[in-house]
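For reference, the structure is listed below as structure tokens.
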Amino acid sequence: MRKKRLYKKKPDDTERKEERKRQKRQTAYGGEIMKKWEANIRKVVPYVPGEQPKAENIIKLNTNENPYPPAPGVQKLAAQMDTDRMRLYPDPTNGALVDVLAQTYGLPSDQVFVGVGSDDVLAMCFLTFFNSEKPILFPDITYSFYDVWADLYRIPYRCQPLDENLCIRREDYYQENGGIIFPNPNAPTGIYEPLEMIEDVLQHNPDVIVIIDEAYIDFADGPSARSLLEKYENLLVVQTFSKSRSMAGMRIGYAMGSRELIRALNDVKYSFNSYTMNQAALELGTEAVRDQAYFEACVEKIKATREWSKTELKKLGFSFPDSQSNFIFATHDRADARVIFQALKERGIFVRYFSKPRVDAYLRITIGTDEQMVKLMEALKEILSHECKNAVK
Ligand SMILES: Cc1ncc(COP(=O)(O)O)c(C=O)c1O
């Protein structure tokens with residue numbers, strides 16, 4: 001029987017070599033050499049989404065969600081969901097959802113693309129369509145994900161300043177570029193540009209792809225740019241279920257465009273992940289589109305509350321661009337927006353504040369239910385007379 005060694009064995013040559021290799025590897029990760037692989041890491045400054053507070057009984061007016069539940073059919077279907085189906089991959093073509101959207105908007109199915117919220121669709125669009133050496137153009141005050149995607153995919157870009165009324169200057173989009181994107185209505189201003197302006201931009205840009213991000217279009221009084229699709233093969237219109245269809249949590253967005261554009265988007269999608277949409281989102285999204293009456297009623301309620309809120313905010317001394325969306329971008333000439341934001345938060349009312357130049361005097365207030373907006377106005381009244389005393393004349 002071999003005797004058990006009671007002392008530590010002296011390392012032999014092979015062990016010593018192994019140890020040296022181990023130490024070398026350690027230096028590689030902890031020392032100078034680390035910088036070399038660090039150089040291969042993609043560095044991006046990420047988009048910061050609005051807060052999703054965990055506390056109950058708060059009034060959440062900070063991320064432009066819909067205050068009303070999804071259509072009754074969606075609620076019923078969610079309650080009856082067949083969990084056995086989860087074993088299977090979902091339909092990679094997103095067929096049922098694509099078809100119901102195509103029917104609703106009077107388009108052939110091969111002109112519709114579906115993705116995981118419009119963020120996913122838009123990110124895919126940046127990757128698919130913005131591959132020029134020339135800069136893409138978008139407004140300086142707009143959805144703050146655009147410059148993040150441009151940086152992520154190393155797309156050159158130029159921000160075009162909004163005018164003094166926070167409107168897009170169409171002439172800024174007449175110059176040479178590698179593509180154009182802007183929301184209509186714009187965010188966070190809420191300003192809707194008429195179809196004639198969109199068409200003018202398209203006419204000046206026949207050689208690049210123009211994307212109109214219509215996340216808020218259902219709340220606007222004017223029409224969608226969808227009606228221009230027949231005429232302009234380089235136009236892509238992107239919409240979402242997150243706002244008007246009360247389904248932000250399900251993550252459903254879609255793009256409508258010419259067959260060529262949709263085919264190119266699908267090619268990129270299938271080169272990235274065949275199953276972007278989960279089964280539940282596909283089924284529930286399809287059901288949501290079927291209930292057009294509920295959708296229209298919800299939108300009308302929000303629009304009515306928005307108009308009431310405009311009147312009340314004006315009475316309190318706020319001013320704002322004329323919003324055609326489900327939020328109001330409001331400023332007060334005598335009260336500090338950051339102070340109001342903080343004071344509202346302390347009262348359990350969340351709105352959005354951007355500490356960025358040109359917009360740091362504004363609050364973006366999502367339209368909630370009538371009851372929530374009444375509470376907001378009461379809180380604002382109180383804050384303006386206590387925390388912001390100079391605001392009261
Ligand atoms: C202008 C604009 N586009 C796109 C989105 C993304 O929406 P979602 O990914 O929820 O569809 C938002 C979200 O707030 C937005 O404001």
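Naming scheme: A, B, ... for chains in displayed order of the structure tokens; residues 1 onward per chain; ligands 1 onward as shown.
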
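The residues of range 165-217 of chain A that DSSP classifies as strand (DSSP E or B), using the backbone of this structure, are Ile180, Ile181, Phe182, Pro183, Val210, Ile211, Ile212 and Asp213 of chain A.
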
Store the residues picked out above in a file with N, CA and C atoms, as an mmCIF file, in the first residue's frame.
```cif
data_model
loop_
_atom_site.group_PDB
_atom_site.id
_atom_site.type_symbol
_atom_site.label_atom_id
_atom_site.label_comp_id
_atom_site.auth_asym_id
_atom_site.auth_seq_id
_atom_site.Cartn_x
_atom_site.Cartn_y
_atom_site.Cartn_z
ATOM 1 N N ILE A 180 -33.006 58.938 -44.026
ATOM 2 C CA ILE A 180 -33.706 59.902 -43.151
ATOM 3 C C ILE A 180 -34.643 59.135 -42.227
ATOM 4 N N ILE A 181 -34.700 59.588 -40.984
ATOM 5 C CA ILE A 181 -35.707 59.038 -40.059
ATOM 6 C C ILE A 181 -36.200 60.146 -39.141
ATOM 7 N N PHE A 182 -37.504 60.196 -38.961
ATOM 8 C CA PHE A 182 -38.061 61.023 -37.878
ATOM 9 C C PHE A 182 -39.433 60.478 -37.485
ATOM 10 N N PRO A 183 -39.830 60.755 -36.226
ATOM 11 C CA PRO A 183 -41.160 60.309 -35.825
ATOM 12 C C PRO A 183 -42.198 61.333 -36.269
ATOM 13 N N VAL A 210 -36.387 56.529 -46.549
ATOM 14 C CA VAL A 210 -36.968 57.484 -45.592
ATOM 15 C C VAL A 210 -37.891 56.697 -44.656
ATOM 16 N N ILE A 211 -37.587 56.766 -43.366
ATOM 17 C CA ILE A 211 -38.397 56.023 -42.386
ATOM 18 C C ILE A 211 -39.211 57.014 -41.550
ATOM 19 N N ILE A 212 -40.520 56.803 -41.515
ATOM 20 C CA ILE A 212 -41.373 57.627 -40.656
ATOM 21 C C ILE A 212 -41.810 56.729 -39.492
ATOM 22 N N ASP A 213 -41.395 57.142 -38.296
ATOM 23 C CA ASP A 213 -41.679 56.385 -37.083
ATOM 24 C C ASP A 213 -43.009 56.893 -36.531
#
```

How close does each residue of chain A get to ligand 1, giving the shortest atom pair and distance in Å to one decimal for every residue with an atom at most 9 Å away, counting only C-alpha atoms and all ligand atoms, sorted by chain and residue number, as JSON lines?
```
{"residue": "A:Pro49", "atom": "CA", "partner": "ligand 1", "partner_atom_place_in_ligand_line": "14 (O)", "distance": 8.4}
{"residue": "A:Gly50", "atom": "CA", "partner": "ligand 1", "partner_atom_place_in_ligand_line": "14 (O)", "distance": 8.8}
{"residue": "A:Thr63", "atom": "CA", "partner": "ligand 1", "partner_atom_place_in_ligand_line": "14 (O)", "distance": 6.4}
{"residue": "A:Asn64", "atom": "CA", "partner": "ligand 1", "partner_atom_place_in_ligand_line": "14 (O)", "distance": 6.3}
{"residue": "A:Glu65", "atom": "CA", "partner": "ligand 1", "partner_atom_place_in_ligand_line": "14 (O)", "distance": 8.2}
{"residue": "A:Gly115", "atom": "CA", "partner": "ligand 1", "partner_atom_place_in_ligand_line": "11 (O)", "distance": 8.9}
{"residue": "A:Val116", "atom": "CA", "partner": "ligand 1", "partner_atom_place_in_ligand_line": "9 (O)", "distance": 7.1}
{"residue": "A:Gly117", "atom": "CA", "partner": "ligand 1", "partner_atom_place_in_ligand_line": "11 (O)", "distance": 3.7}
{"residue": "A:Ser118", "atom": "CA", "partner": "ligand 1", "partner_atom_place_in_ligand_line": "11 (O)", "distance": 3.5}
{"residue": "A:Asp119", "atom": "CA", "partner": "ligand 1", "partner_atom_place_in_ligand_line": "9 (O)", "distance": 3.8}
{"residue": "A:Asp120", "atom": "CA", "partner": "ligand 1", "partner_atom_place_in_ligand_line": "9 (O)", "distance": 6.5}
{"residue": "A:Val121", "atom": "CA", "partner": "ligand 1", "partner_atom_place_in_ligand_line": "9 (O)", "distance": 8.0}
{"residue": "A:Leu122", "atom": "CA", "partner": "ligand 1", "partner_atom_place_in_ligand_line": "4 (C)", "distance": 7.6}
{"residue": "A:Thr142", "atom": "CA", "partner": "ligand 1", "partner_atom_place_in_ligand_line": "1 (C)", "distance": 7.3}
{"residue": "A:Tyr143", "atom": "CA", "partner": "ligand 1", "partner_atom_place_in_ligand_line": "1 (C)", "distance": 5.0}
{"residue": "A:Ser144", "atom": "CA", "partner": "ligand 1", "partner_atom_place_in_ligand_line": "1 (C)", "distance": 8.4}
{"residue": "A:Phe145", "atom": "CA", "partner": "ligand 1", "partner_atom_place_in_ligand_line": "3 (N)", "distance": 8.1}
{"residue": "A:Phe182", "atom": "CA", "partner": "ligand 1", "partner_atom_place_in_ligand_line": "1 (C)", "distance": 7.9}
{"residue": "A:Pro183", "atom": "CA", "partner": "ligand 1", "partner_atom_place_in_ligand_line": "1 (C)", "distance": 5.2}
{"residue": "A:Asn184", "atom": "CA", "partner": "ligand 1", "partner_atom_place_in_ligand_line": "1 (C)", "distance": 7.7}
{"residue": "A:Pro185", "atom": "CA", "partner": "ligand 1", "partner_atom_place_in_ligand_line": "1 (C)", "distance": 7.9}
{"residue": "A:Asn186", "atom": "CA", "partner": "ligand 1", "partner_atom_place_in_ligand_line": "1 (C)", "distance": 6.5}
{"residue": "A:Ala187", "atom": "CA", "partner": "ligand 1", "partner_atom_place_in_ligand_line": "1 (C)", "distance": 5.2}
{"residue": "A:Pro188", "atom": "CA", "partner": "ligand 1", "partner_atom_place_in_ligand_line": "16 (O)", "distance": 7.2}
{"residue": "A:Asp213", "atom": "CA", "partner": "ligand 1", "partner_atom_place_in_ligand_line": "3 (N)", "distance": 5.8}
{"residue": "A:Glu214", "atom": "CA", "partner": "ligand 1", "partner_atom_place_in_ligand_line": "1 (C)", "distance": 6.9}
{"residue": "A:Ala215", "atom": "CA", "partner": "ligand 1", "partner_atom_place_in_ligand_line": "3 (N)", "distance": 5.0}
{"residue": "A:Tyr216", "atom": "CA", "partner": "ligand 1", "partner_atom_place_in_ligand_line": "1 (C)", "distance": 7.2}
{"residue": "A:Val238", "atom": "CA", "partner": "ligand 1", "partner_atom_place_in_ligand_line": "4 (C)", "distance": 8.3}
{"residue": "A:Gln239", "atom": "CA", "partner": "ligand 1", "partner_atom_place_in_ligand_line": "11 (O)", "distance": 7.0}
{"residue": "A:Thr240", "atom": "CA", "partner": "ligand 1", "partner_atom_place_in_ligand_line": "11 (O)", "distance": 4.5}
{"residue": "A:Phe241", "atom": "CA", "partner": "ligand 1", "partner_atom_place_in_ligand_line": "11 (O)", "distance": 6.3}
{"residue": "A:Ser242", "atom": "CA", "partner": "ligand 1", "partner_atom_place_in_ligand_line": "10 (O)", "distance": 4.7}
{"residue": "A:Lys243", "atom": "CA", "partner": "ligand 1", "partner_atom_place_in_ligand_line": "10 (O)", "distance": 7.4}
{"residue": "A:Met247", "atom": "CA", "partner": "ligand 1", "partner_atom_place_in_ligand_line": "10 (O)", "distance": 8.4}
{"residue": "A:Ala248", "atom": "CA", "partner": "ligand 1", "partner_atom_place_in_ligand_line": "10 (O)", "distance": 5.4}
{"residue": "A:Gly249", "atom": "CA", "partner": "ligand 1", "partner_atom_place_in_ligand_line": "10 (O)", "distance": 8.0}
{"residue": "A:Met250", "atom": "CA", "partner": "ligand 1", "partner_atom_place_in_ligand_line": "10 (O)", "distance": 8.8}
{"residue": "A:Arg251", "atom": "CA", "partner": "ligand 1", "partner_atom_place_in_ligand_line": "10 (O)", "distance": 6.1}
{"residue": "A:Ile252", "atom": "CA", "partner": "ligand 1", "partner_atom_place_in_ligand_line": "11 (O)", "distance": 6.1}
{"residue": "A:Gly253", "atom": "CA", "partner": "ligand 1", "partner_atom_place_in_ligand_line": "11 (O)", "distance": 5.0}
{"residue": "A:Tyr254", "atom": "CA", "partner": "ligand 1", "partner_atom_place_in_ligand_line": "11 (O)", "distance": 8.3}
```

task = Excluding Lys60 in chain A and any residue of its chain fewer than 6 positions from it, enumerate the residues within 9 Å of it, using only C-alpha atoms, and give them as a ChimeraX atom specification.
result = /A:52-53,67,348-351,366,368,372

Residues from the last selection, C-alpha atoms, saved as a compact mmCIF listing (two decimals), in the first residue's frame:
```txt
# COMPACT_ATOMS: atom_id res chain seq x y z
CA GLN A 52 -40.68 51.48 -14.17
CA PRO A 53 -41.32 52.06 -10.45
CA PRO A 67 -53.87 53.78 -19.15
CA GLY A 348 -46.23 59.35 -6.34
CA ILE A 349 -46.80 60.92 -9.77
CA PHE A 350 -44.18 60.00 -12.36
CA VAL A 351 -43.65 62.13 -15.46
CA THR A 366 -48.29 61.01 -20.66
CA GLY A 368 -53.59 58.92 -18.24
CA GLN A 372 -55.27 60.42 -12.94
```

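Considering the residues A:Asp151, A:Glu283, A:Asp82, A:Glu346 and counting only C-alpha atoms, Val98 in chain A has its shortest atom-to-atom contact with A:Glu283.
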
Report as a PDB file with N, CA and C atoms, in the first residue's frame all protein, DNA and RNA residues lying within 10 Å of Leu236 in chain A, evaluated on only C-alpha atoms, omitting residues in the same chain fewer than 5 positions from it.
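Wrote out.pdb, looks like this:
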```
ATOM      1  N   GLN A 111     -45.949  43.121 -47.678  1.00  0.00           N
ATOM      2  CA  GLN A 111     -45.547  44.516 -47.439  1.00  0.00           C
ATOM      3  C   GLN A 111     -45.585  44.877 -45.948  1.00  0.00           C
ATOM      4  N   VAL A 112     -45.660  43.818 -45.117  1.00  0.00           N
ATOM      5  CA  VAL A 112     -45.715  44.047 -43.662  1.00  0.00           C
ATOM      6  C   VAL A 112     -44.647  43.196 -42.976  1.00  0.00           C
ATOM      7  N   CYS A 125     -34.107  48.144 -38.977  1.00  0.00           N
ATOM      8  CA  CYS A 125     -34.121  49.068 -40.129  1.00  0.00           C
ATOM      9  C   CYS A 125     -32.773  49.785 -40.240  1.00  0.00           C
ATOM     10  N   ILE A 181     -34.700  59.588 -40.984  1.00  0.00           N
ATOM     11  CA  ILE A 181     -35.707  59.038 -40.059  1.00  0.00           C
ATOM     12  C   ILE A 181     -36.200  60.146 -39.141  1.00  0.00           C
ATOM     13  N   ILE A 209     -33.452  55.760 -48.269  1.00  0.00           N
ATOM     14  CA  ILE A 209     -34.657  55.249 -47.598  1.00  0.00           C
ATOM     15  C   ILE A 209     -35.102  56.237 -46.520  1.00  0.00           C
ATOM     16  N   VAL A 210     -36.387  56.529 -46.549  1.00  0.00           N
ATOM     17  CA  VAL A 210     -36.968  57.484 -45.592  1.00  0.00           C
ATOM     18  C   VAL A 210     -37.891  56.697 -44.656  1.00  0.00           C
ATOM     19  N   ILE A 211     -37.587  56.766 -43.366  1.00  0.00           N
ATOM     20  CA  ILE A 211     -38.397  56.023 -42.386  1.00  0.00           C
ATOM     21  C   ILE A 211     -39.211  57.014 -41.550  1.00  0.00           C
ATOM     22  N   ILE A 212     -40.520  56.803 -41.515  1.00  0.00           N
ATOM     23  CA  ILE A 212     -41.373  57.627 -40.656  1.00  0.00           C
ATOM     24  C   ILE A 212     -41.810  56.729 -39.492  1.00  0.00           C
ATOM     25  N   ASP A 213     -41.395  57.142 -38.296  1.00  0.00           N
ATOM     26  CA  ASP A 213     -41.679  56.385 -37.083  1.00  0.00           C
ATOM     27  C   ASP A 213     -43.009  56.893 -36.531  1.00  0.00           C
ATOM     28  N   ALA A 225     -48.638  58.201 -42.943  1.00  0.00           N
ATOM     29  CA  ALA A 225     -47.918  58.268 -44.226  1.00  0.00           C
ATOM     30  C   ALA A 225     -48.096  56.975 -45.034  1.00  0.00           C
ATOM     31  N   ARG A 226     -48.855  56.041 -44.473  1.00  0.00           N
ATOM     32  CA  ARG A 226     -49.116  54.764 -45.151  1.00  0.00           C
ATOM     33  C   ARG A 226     -49.680  54.972 -46.552  1.00  0.00           C
ATOM     34  N   LEU A 228     -48.891  56.970 -48.660  1.00  0.00           N
ATOM     35  CA  LEU A 228     -47.858  57.337 -49.658  1.00  0.00           C
ATOM     36  C   LEU A 228     -47.056  56.121 -50.122  1.00  0.00           C
ATOM     37  N   LEU A 229     -47.326  54.954 -49.521  1.00  0.00           N
ATOM     38  CA  LEU A 229     -46.515  53.772 -49.833  1.00  0.00           C
ATOM     39  C   LEU A 229     -46.619  53.369 -51.301  1.00  0.00           C
ATOM     40  N   ALA A 255     -43.554  47.194 -39.454  1.00  0.00           N
ATOM     41  CA  ALA A 255     -43.176  48.135 -40.505  1.00  0.00           C
ATOM     42  C   ALA A 255     -43.993  47.820 -41.744  1.00  0.00           C
ATOM     43  N   MET A 256     -44.324  48.880 -42.490  1.00  0.00           N
ATOM     44  CA  MET A 256     -45.039  48.709 -43.755  1.00  0.00           C
ATOM     45  C   MET A 256     -44.246  49.428 -44.836  1.00  0.00           C
ATOM     46  N   GLY A 257     -44.036  48.751 -45.947  1.00  0.00           N
ATOM     47  CA  GLY A 257     -43.238  49.359 -47.015  1.00  0.00           C
ATOM     48  C   GLY A 257     -43.338  48.541 -48.289  1.00  0.00           C
ATOM     49  N   SER A 258     -42.534  48.887 -49.272  1.00  0.00           N
ATOM     50  CA  SER A 258     -42.561  48.156 -50.539  1.00  0.00           C
ATOM     51  C   SER A 258     -42.054  46.727 -50.325  1.00  0.00           C
ATOM     52  N   LEU A 261     -38.299  46.497 -49.663  1.00  0.00           N
ATOM     53  CA  LEU A 261     -37.854  46.877 -48.317  1.00  0.00           C
ATOM     54  C   LEU A 261     -38.203  45.790 -47.302  1.00  0.00           C
ATOM     55  N   ILE A 262     -39.396  45.233 -47.420  1.00  0.00           N
ATOM     56  CA  ILE A 262     -39.820  44.208 -46.439  1.00  0.00           C
ATOM     57  C   ILE A 262     -38.991  42.934 -46.632  1.00  0.00           C
TER      58      ILE A 262
END
```

Residue neighbourhood Met197 in chain A, 8 Å, only C-alpha atoms, exclusion window fewer than 4 positions, as a compact mmCIF listing (two decimals) with N, CA and C atoms, in the first residue's frame:
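Produced file out-v3.txt, reproduced below:
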```
# COMPACT_ATOMS: atom_id res chain seq x y z
N ARG A 170 -38.24 71.36 -43.02
CA ARG A 170 -38.14 70.42 -44.13
C ARG A 170 -36.90 70.65 -44.99
N GLU A 193 -46.59 66.52 -38.31
CA GLU A 193 -46.31 67.18 -39.58
C GLU A 193 -47.29 66.67 -40.63
N VAL A 201 -40.42 65.88 -48.42
CA VAL A 201 -39.13 65.29 -48.04
C VAL A 201 -38.85 64.08 -48.95
```

task = Could you find all residues in range 120-272 of chain A that DSSP calls helix (DSSP H, G or I) from the backbone, and write them as a count of residues only?
result = 53

Give me the residues within 9 Å of Arg263 in chain A as a count of residues only, counting only C-alpha atoms and dropping any in the same chain fewer than 3 places off. 9

note - CA of Pro69 in chain A and CA of Lys375 in chain A are separated by 20.0 Å

Please identify all polymer residues within 8 Å of Leu152 in chain A, counting only C-alpha atoms, omitting same-chain residues fewer than 5 positions from it, and present them as a ChimeraX atom specification.
-> /A:42-44
